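Text of input.csv (CSV, C-alpha atoms) as supplied:
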chain,number,residue,atom,x,y,z
A,10,MET,CA,0.0,0.0,0.0
A,11,GLU,CA,1.2,3.5,-0.8
A,12,PRO,CA,1.7,6.2,1.8
A,13,LEU,CA,-1.0,8.8,2.3
A,14,LYS,CA,-0.1,11.9,0.4
A,15,CYS,CA,-0.4,15.1,2.5
A,16,ILE,CA,-0.4,18.9,2.1
A,17,VAL,CA,0.1,21.3,4.9
A,18,VAL,CA,-1.7,24.7,4.5
A,19,ASP,CA,-0.9,27.4,7.1
A,20,ASP,CA,0.2,31.0,6.8
A,21,GLU,CA,2.5,30.6,9.8
A,22,GLU,CA,5.9,29.1,8.9
A,23,LEU,CA,6.5,27.7,12.4
A,24,ALA,CA,3.1,25.9,12.4
A,25,ARG,CA,3.9,24.4,8.9
A,26,GLY,CA,7.3,23.3,10.2
A,27,LEU,CA,5.8,21.5,13.2
A,28,ILE,CA,3.3,19.5,11.1
A,29,LYS,CA,6.0,18.8,8.5
A,30,SER,CA,8.3,17.3,11.2
A,31,TYR,CA,5.5,15.1,12.5
A,32,ILE,CA,4.7,13.8,9.0
A,33,LYS,CA,8.3,12.9,8.4
A,34,ARG,CA,8.3,10.8,11.6
A,35,LEU,CA,5.7,8.5,10.1
A,36,ASP,CA,6.4,6.1,7.2
A,37,PHE,CA,2.7,5.9,6.2
A,38,LEU,CA,2.5,9.7,5.4
A,39,MET,CA,4.2,11.5,2.5
A,40,LEU,CA,4.5,15.2,2.4
A,41,ILE,CA,3.7,16.5,-1.1
A,42,ALA,CA,3.7,20.2,-0.4
A,43,GLU,CA,3.6,22.9,2.4
A,44,VAL,CA,2.1,26.2,1.4
A,45,ALA,CA,1.1,29.4,3.1
A,46,ASN,CA,-1.8,30.1,0.7
A,47,PRO,CA,-4.9,27.8,0.2
A,48,LEU,CA,-4.9,28.8,-3.5
A,49,GLU,CA,-1.4,27.3,-3.9
A,50,ALA,CA,-2.7,24.1,-2.4
A,51,LEU,CA,-5.6,24.1,-4.9
A,52,GLN,CA,-3.0,24.2,-7.8
A,53,VAL,CA,-1.2,21.2,-6.3
A,54,MET,CA,-4.4,19.3,-5.9
A,55,LYS,CA,-5.2,19.8,-9.5
A,56,ARG,CA,-2.0,18.1,-10.5
A,57,GLU,CA,-2.0,15.3,-7.9
A,58,LYS,CA,-4.5,13.4,-5.8
A,59,ILE,CA,-4.1,14.3,-2.1
A,60,ASP,CA,-5.3,12.0,0.7
A,61,VAL,CA,-4.9,14.2,3.7
A,62,LEU,CA,-5.1,18.0,3.9
A,63,PHE,CA,-3.8,19.7,7.1
A,64,LEU,CA,-5.7,23.0,6.9
A,65,ASP,CA,-5.4,26.1,9.1
A,66,ILE,CA,-8.7,27.9,9.6
A,67,GLN,CA,-7.8,31.5,10.2
A,68,MET,CA,-5.8,32.8,7.2
A,69,PRO,CA,-5.7,36.2,5.6
A,70,GLU,CA,-7.0,35.5,2.0
A,71,ILE,CA,-9.6,32.8,2.6
A,72,LYS,CA,-10.7,31.0,5.7
A,73,GLY,CA,-9.9,27.3,5.9
A,74,THR,CA,-13.5,26.4,6.5
A,75,ASP,CA,-14.4,28.1,3.2
A,76,PHE,CA,-11.5,26.5,1.3
A,77,ALA,CA,-12.5,23.1,2.6
A,78,LYS,CA,-15.7,23.4,0.5
A,79,LEU,CA,-13.5,23.4,-2.6
A,80,VAL,CA,-11.6,20.3,-1.6
A,81,PRO,CA,-12.4,17.0,-3.5
A,82,ASN,CA,-14.6,14.6,-1.5
A,83,ASP,CA,-11.9,11.9,-1.4
A,84,THR,CA,-9.4,14.2,0.3
A,85,GLN,CA,-9.7,14.0,4.1
A,86,VAL,CA,-9.4,17.4,5.9
A,87,ILE,CA,-7.8,17.8,9.3
A,88,PHE,CA,-8.2,21.4,10.6
A,89,THR,CA,-5.5,23.0,12.6
A,90,THR,CA,-6.1,26.2,14.5
A,91,ALA,CA,-5.4,28.2,17.6
A,92,TYR,CA,-9.1,29.1,18.0
A,93,SER,CA,-11.4,26.5,19.7
A,94,GLU,CA,-14.5,28.4,18.7
A,95,TYR,CA,-14.1,27.1,15.1
A,96,ALA,CA,-14.4,23.4,16.2
A,97,LEU,CA,-18.1,23.1,15.6
A,98,GLU,CA,-17.9,24.7,12.2
A,99,GLY,CA,-15.1,22.4,11.2
A,100,PHE,CA,-17.0,19.2,12.2
A,101,GLU,CA,-20.1,20.4,10.4
A,102,LEU,CA,-18.0,20.3,7.2
A,103,ASN,CA,-17.3,16.6,7.9
A,104,ALA,CA,-13.7,17.2,8.8
A,105,LEU,CA,-11.7,14.1,9.8
A,106,ASP,CA,-10.4,15.8,12.9
A,107,TYR,CA,-9.7,19.2,14.5
A,108,LEU,CA,-6.3,19.9,16.1
A,109,LEU,CA,-6.0,22.8,18.5
A,110,LYS,CA,-2.6,24.5,18.6
A,111,PRO,CA,-0.1,23.9,20.0
A,112,ILE,CA,-0.4,20.4,18.6
A,113,SER,CA,1.3,17.5,20.4
A,114,PHE,CA,2.7,14.5,18.5
A,115,GLU,CA,0.3,12.2,20.4
A,116,ARG,CA,-2.7,14.2,19.4
A,117,PHE,CA,-1.4,14.4,15.8
A,118,LEU,CA,-1.1,10.6,15.8
A,119,ALA,CA,-4.7,10.1,16.9
A,120,ALA,CA,-5.9,12.3,14.1
A,121,VAL,CA,-3.9,10.7,11.3
A,122,ASN,CA,-4.8,7.2,12.4
A,123,LYS,CA,-8.4,8.0,11.6
A,124,ALA,CA,-7.3,8.6,8.0
A,125,LYS,CA,-6.2,5.0,7.7
A,126,PRO,CA,-8.9,2.6,9.1
A,127,ASN,CA,-6.8,-0.4,8.3
A,128,LEU,CA,-3.5,1.1,9.4
A,129,GLU,CA,-3.1,-1.1,12.4
A,130,GLU,CA,-3.4,-4.2,10.3
A,131,SER,CA,-1.0,-3.0,7.6
A,132,SER,CA,1.6,-1.4,9.9
A,133,SER,CA,1.6,-3.8,12.9
A,134,ILE,CA,4.6,-5.8,13.8
A,135,LYS,CA,4.6,-9.1,12.0
A,136,ALA,CA,7.2,-11.0,14.0
A,137,THR,CA,8.4,-14.5,14.1
A,138,ALA,CA,11.1,-15.1,16.6
A,139,ILE,CA,13.6,-16.9,14.5
A,140,ASN,CA,16.8,-17.8,16.4
A,141,ASP,CA,18.4,-14.4,17.1
A,142,SER,CA,16.1,-11.8,15.4
A,143,ILE,CA,12.6,-10.3,15.1
A,144,THR,CA,11.0,-8.9,11.9
A,145,VAL,CA,9.4,-5.5,12.5
A,146,LYS,CA,7.1,-3.7,10.1
A,147,SER,CA,7.6,0.0,10.2
A,148,GLY,CA,5.1,1.8,8.0
A,149,TYR,CA,5.3,-0.3,4.8
A,150,ASP,CA,8.8,-1.6,5.2
A,151,LEU,CA,10.0,-4.8,6.9
A,152,HIS,CA,13.1,-4.6,9.1
A,153,LYS,CA,15.0,-7.7,10.5
A,154,ILE,CA,16.4,-6.7,13.9
A,155,LYS,CA,18.9,-8.9,15.8
A,156,TYR,CA,18.1,-9.1,19.5
A,157,ASP,CA,21.6,-8.1,20.4
A,158,ASP,CA,21.2,-4.8,18.6
A,159,ILE,CA,18.2,-3.8,20.7
A,160,LEU,CA,19.1,-1.7,23.7
A,161,TYR,CA,15.5,-1.0,24.9
A,162,ILE,CA,12.0,-0.4,23.6
A,163,GLU,CA,9.8,2.5,24.6
A,164,SER,CA,6.1,3.0,24.2
A,165,ASP,CA,5.0,6.2,22.4
A,166,SER,CA,1.2,6.4,22.4
A,167,GLU,CA,0.0,3.8,20.0
A,168,TYR,CA,3.6,3.2,18.8
A,169,VAL,CA,6.8,1.6,20.1
A,170,ASN,CA,10.3,2.9,19.4
A,171,PHE,CA,13.1,0.4,19.1
A,172,TYR,CA,16.4,1.9,20.2
A,173,LEU,CA,19.3,0.3,18.3
A,174,GLY,CA,22.4,2.2,19.4
A,175,ASN,CA,22.3,5.5,17.5
A,176,LYS,CA,19.3,4.4,15.4
A,177,LYS,CA,15.6,4.5,16.3
A,178,LEU,CA,12.8,2.5,14.5
A,179,MET,CA,9.1,3.3,15.1
A,180,SER,CA,6.3,0.8,14.6
A,181,LEU,CA,2.6,0.6,15.3
A,182,GLN,CA,2.2,-1.9,18.1
A,183,SER,CA,1.4,-2.2,21.8
A,184,LEU,CA,4.2,-2.9,24.3
A,185,LYS,CA,2.1,-5.7,25.8
A,186,LYS,CA,1.8,-7.6,22.4
A,187,LEU,CA,5.4,-7.1,21.7
A,188,LEU,CA,6.5,-8.6,25.0
A,189,GLU,CA,4.7,-11.8,24.0
A,190,LEU,CA,6.9,-12.1,20.9
A,191,LEU,CA,10.2,-11.4,22.5
A,192,PRO,CA,12.2,-14.2,24.3
A,193,LYS,CA,11.8,-13.7,28.0
A,194,ASN,CA,15.4,-14.8,28.7
A,195,LYS,CA,16.6,-11.8,26.7
A,196,PHE,CA,14.0,-9.1,27.4
A,197,MET,CA,12.2,-7.8,30.5
A,198,ARG,CA,9.5,-5.2,31.1
A,199,VAL,CA,10.5,-2.8,33.8
A,200,HIS,CA,7.9,-0.1,33.4
A,201,ARG,CA,4.6,0.4,31.6
A,202,SER,CA,6.5,2.3,28.9
A,203,TYR,CA,9.7,0.3,28.7
A,204,ILE,CA,11.1,-3.1,27.8
A,205,VAL,CA,14.8,-3.6,28.2
A,206,ASN,CA,17.5,-6.0,26.8
A,207,ARG,CA,18.7,-7.7,30.0
A,208,GLU,CA,22.3,-7.9,28.8
A,209,LYS,CA,22.4,-4.1,28.1
A,210,VAL,CA,21.6,-3.0,31.6
A,211,THR,CA,24.7,-1.6,33.3
A,212,ALA,CA,23.5,-0.1,36.6
A,213,LEU,CA,20.7,0.3,39.1
A,214,LYS,CA,20.6,3.6,41.0
A,215,GLY,CA,17.6,4.1,43.2
A,216,ARG,CA,14.6,3.3,41.2
A,217,ASP,CA,16.3,3.8,37.8
A,218,ILE,CA,18.3,1.4,35.7
A,219,TYR,CA,20.9,2.5,33.1
A,220,ILE,CA,21.6,1.4,29.5
A,221,ALA,CA,24.5,3.3,28.2
A,222,ASP,CA,23.7,6.9,29.1
A,223,LYS,CA,20.0,6.4,29.1
A,224,GLU,CA,18.2,6.5,32.5
A,225,ILE,CA,15.1,4.3,32.5
A,226,PRO,CA,12.6,4.3,35.4
A,227,VAL,CA,11.5,1.1,37.1
A,228,SER,CA,7.9,0.8,38.3
A,229,ALA,CA,7.3,-0.4,41.8
A,230,GLN,CA,5.6,-3.6,40.5
A,231,TYR,CA,8.7,-4.6,38.6
A,232,PHE,CA,11.4,-3.4,41.0
A,233,ASP,CA,11.9,-6.6,43.0
A,234,ALA,CA,12.1,-8.7,39.8
A,235,VAL,CA,14.6,-6.3,38.3
A,236,LYS,CA,16.8,-6.3,41.3
A,237,GLN,CA,16.6,-10.1,41.7
A,238,GLU,CA,17.0,-11.1,38.0
A,239,LEU,CA,19.4,-8.4,36.7
A,240,PHE,CA,21.7,-7.7,39.7
Let me see the file written as structure tokens.
Amino acid sequence: MEPLKCIVVDDEELARGLIKSYIKRLDFLMLIAEVANPLEALQVMKREKIDVLFLDIQMPEIKGTDFAKLVPNDTQVIFTTAYSEYALEGFELNALDYLLKPISFERFLAAVNKAKPNLEESSSIKATAINDSITVKSGYDLHKIKYDDILYIESDSEYVNFYLGNKKLMSLQSLKKLLELLPKNKFMRVHRSYIVNREKVTALKGRDIYIADKEIPVSAQYFDAVKQELF
């Protein structure tokens, strides 16, 4: 399946930059254009089919809610604005979602996941623990990761981040389901947001363990097991 093609329309450069940075973090989204003027977006949309339009509402030449009426029906609109009073008007236009600035990455994820109903199925981890590795699906790409290369895994809303030395890999999956796939003799859950590679843990200081320079909290429910099994 192809990534969702996106346009960001906002007259504020910083606002466009934030949404652009969020889009680049997700493999299932592809930024086609970022423009300050809705009419520029219209020109782009005449040349190429756009799946998701991130549209500011309060703009000098034409309001986003007015521009949304010109958008093709198969383009899903996510409004972005600093003014909550526009929310009702936005939803009356059948907008996919309404993001109130400042927009957090977690809230952004919740919105874009609505744009892809089958996203969880297509982007989930399809893993078979074969000897020394796990196969992870990130976006639409498959990555074979050796267990020894995984330092720790961190939950990020509906996603998990695999930390592999100086590299990070994001995939749509719950930490609970992932724990069922990983060999228990190599990995251990130490917090609701963290799974660690047992062999990579170097120190326990108070209620925190260390992997390289990373300080990872240990929940009370896991502390005794961590102390007993890792030290």
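One finds CA of Leu109 (chain A) at 15.1 Å from CA of Tyr31 (chain A).
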May I have the residues within 9 Å of region 65-77 of chain A as a PyMOL selection string, using all atoms listed in the file and disregarding those fewer than 4 positions away in the same chain?
-> chain A and resi 17-21+45-48+51+81+86-92+95+98-99+102+104
Please dump the current selection as an mmCIF file, keeping the file's coordinate frame; keep C-alpha atoms.
data_model
loop_
_atom_site.group_PDB
_atom_site.id
_atom_site.type_symbol
_atom_site.label_atom_id
_atom_site.label_comp_id
_atom_site.auth_asym_id
_atom_site.auth_seq_id
_atom_site.Cartn_x
_atom_site.Cartn_y
_atom_site.Cartn_z
ATOM 1 C CA VAL A 17 0.100 21.300 4.900
ATOM 2 C CA VAL A 18 -1.700 24.700 4.500
ATOM 3 C CA ASP A 19 -0.900 27.400 7.100
ATOM 4 C CA ASP A 20 0.200 31.000 6.800
ATOM 5 C CA GLU A 21 2.500 30.600 9.800
ATOM 6 C CA ALA A 45 1.100 29.400 3.100
ATOM 7 C CA ASN A 46 -1.800 30.100 0.700
ATOM 8 C CA PRO A 47 -4.900 27.800 0.200
ATOM 9 C CA LEU A 48 -4.900 28.800 -3.500
ATOM 10 C CA LEU A 51 -5.600 24.100 -4.900
ATOM 11 C CA PRO A 81 -12.400 17.000 -3.500
ATOM 12 C CA VAL A 86 -9.400 17.400 5.900
ATOM 13 C CA ILE A 87 -7.800 17.800 9.300
ATOM 14 C CA PHE A 88 -8.200 21.400 10.600
ATOM 15 C CA THR A 89 -5.500 23.000 12.600
ATOM 16 C CA THR A 90 -6.100 26.200 14.500
ATOM 17 C CA ALA A 91 -5.400 28.200 17.600
ATOM 18 C CA TYR A 92 -9.100 29.100 18.000
ATOM 19 C CA TYR A 95 -14.100 27.100 15.100
ATOM 20 C CA GLU A 98 -17.900 24.700 12.200
ATOM 21 C CA GLY A 99 -15.100 22.400 11.200
ATOM 22 C CA LEU A 102 -18.000 20.300 7.200
ATOM 23 C CA ALA A 104 -13.700 17.200 8.800
#
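For the residues A:Tyr168, A:Tyr203, A:Tyr161, A:Phe240, ranking by smallest atom-to-atom distance to Phe114 (chain A) using all atoms listed in the file places A:Tyr168 first.
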Which polymer residues have any atom within 8 Å of an atom of Lys29 (chain A), counting all atoms listed in the file, with same-chain residues fewer than 2 positions away left out, as a PyMOL selection string?
-> chain A and resi 17+25-27+31-33+40+43
Identify which of the residues A:Ile41, A:Lys55, A:Pro12, A:Pro111 lies closest to Ala24 (chain A), counting all atoms listed in the file when measuring atom-to-atom distances.
-> A:Pro111
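Shell of Lys123 (chain A) at 9 Å, with all atoms listed in the file counted and residues fewer than 4 places along the chain excluded, is Leu105, Asp106, Leu118, Ala119 and Leu128 of chain A.
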Residues at most 9 Å from Asp141 (chain A), counting only C-alpha atoms, excluding those fewer than 5 positions away in the same chain, as a PyMOL selection string?
-> chain A and resi 154-157
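When all atoms listed in the file are used to compute distances to Met197 (chain A), the closest of the residues A:Leu23, A:Ala234, A:Ile28, A:Ile112 turns out to be A:Ala234.
Taking CA of Tyr219 (chain A) and CA of Gly174 (chain A) as the two end points, the separation is 13.8 Å.
Between Lys193 (chain A) and the candidates A:Ser113, A:Ser142, A:Thr211, A:Asn206, the tightest atom-to-atom separation, counting only C-alpha atoms, involves A:Asn206.
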Give me, please, the distance in Å between CA of Phe232 (chain A) and CA of Ile220 (chain A), quoted to one decimal.
-> 16.1 Å
N, CA and C atoms for region 151-178 of chain A, written as a compact mmCIF listing (two decimals), in the frame of the given file, could you do that?
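So rebuild25.txt came out as:
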# COMPACT_ATOMS: atom_id res chain seq x y z
N LEU A 151 9.68 -3.76 5.96
CA LEU A 151 10.00 -4.80 6.90
C LEU A 151 11.50 -4.66 7.31
N HIS A 152 11.76 -4.75 8.61
CA HIS A 152 13.10 -4.60 9.10
C HIS A 152 13.43 -5.88 9.97
N LYS A 153 14.52 -6.53 9.68
CA LYS A 153 15.00 -7.70 10.50
C LYS A 153 15.96 -7.13 11.51
N ILE A 154 15.62 -7.28 12.78
CA ILE A 154 16.40 -6.70 13.90
C ILE A 154 16.99 -7.86 14.71
N LYS A 155 18.28 -7.88 14.90
CA LYS A 155 18.90 -8.90 15.80
C LYS A 155 18.63 -8.44 17.24
N TYR A 156 18.35 -9.42 18.07
CA TYR A 156 18.10 -9.10 19.50
C TYR A 156 19.24 -8.38 20.12
N ASP A 157 20.45 -8.76 19.78
CA ASP A 157 21.60 -8.10 20.40
C ASP A 157 21.76 -6.67 20.05
N ASP A 158 21.10 -6.22 18.98
CA ASP A 158 21.20 -4.80 18.60
C ASP A 158 20.17 -3.93 19.30
N ILE A 159 19.21 -4.56 19.98
CA ILE A 159 18.20 -3.80 20.70
C ILE A 159 18.65 -3.41 22.07
N LEU A 160 18.71 -2.12 22.35
CA LEU A 160 19.10 -1.70 23.70
C LEU A 160 17.84 -1.67 24.59
N TYR A 161 16.79 -0.99 24.14
CA TYR A 161 15.50 -1.00 24.90
C TYR A 161 14.41 -0.57 23.92
N ILE A 162 13.19 -0.76 24.37
CA ILE A 162 12.00 -0.40 23.60
C ILE A 162 11.11 0.45 24.41
N GLU A 163 10.65 1.54 23.83
CA GLU A 163 9.80 2.50 24.60
C GLU A 163 8.49 2.71 23.92
N SER A 164 7.45 2.73 24.73
CA SER A 164 6.10 3.00 24.20
C SER A 164 5.94 4.48 23.94
N ASP A 165 5.29 4.79 22.81
CA ASP A 165 5.00 6.20 22.40
C ASP A 165 3.60 6.25 21.89
N SER A 166 2.65 6.45 22.81
CA SER A 166 1.20 6.40 22.40
C SER A 166 0.88 5.09 21.86
N GLU A 167 0.42 5.03 20.60
CA GLU A 167 0.00 3.80 20.00
C GLU A 167 1.23 3.08 19.31
N TYR A 168 2.38 3.67 19.43
CA TYR A 168 3.60 3.20 18.80
C TYR A 168 4.60 2.67 19.77
N VAL A 169 5.59 1.92 19.26
CA VAL A 169 6.80 1.60 20.10
C VAL A 169 7.99 2.04 19.28
N ASN A 170 9.00 2.48 20.00
CA ASN A 170 10.30 2.90 19.40
C ASN A 170 11.34 1.86 19.81
N PHE A 171 11.99 1.27 18.82
CA PHE A 171 13.10 0.40 19.10
C PHE A 171 14.38 1.23 19.05
N TYR A 172 15.15 1.20 20.13
CA TYR A 172 16.40 1.90 20.20
C TYR A 172 17.55 0.97 19.92
N LEU A 173 18.25 1.23 18.82
CA LEU A 173 19.30 0.30 18.30
C LEU A 173 20.60 1.13 18.25
N GLY A 174 21.22 1.37 19.38
CA GLY A 174 22.40 2.20 19.40
C GLY A 174 22.08 3.62 19.02
N ASN A 175 22.62 4.12 17.92
CA ASN A 175 22.30 5.50 17.50
C ASN A 175 21.18 5.56 16.50
N LYS A 176 20.41 4.48 16.38
CA LYS A 176 19.30 4.40 15.40
C LYS A 176 18.00 4.15 16.19
N LYS A 177 16.90 4.72 15.70
CA LYS A 177 15.60 4.50 16.30
C LYS A 177 14.62 4.03 15.20
N LEU A 178 13.80 3.02 15.51
CA LEU A 178 12.80 2.50 14.50
C LEU A 178 11.45 2.53 15.20
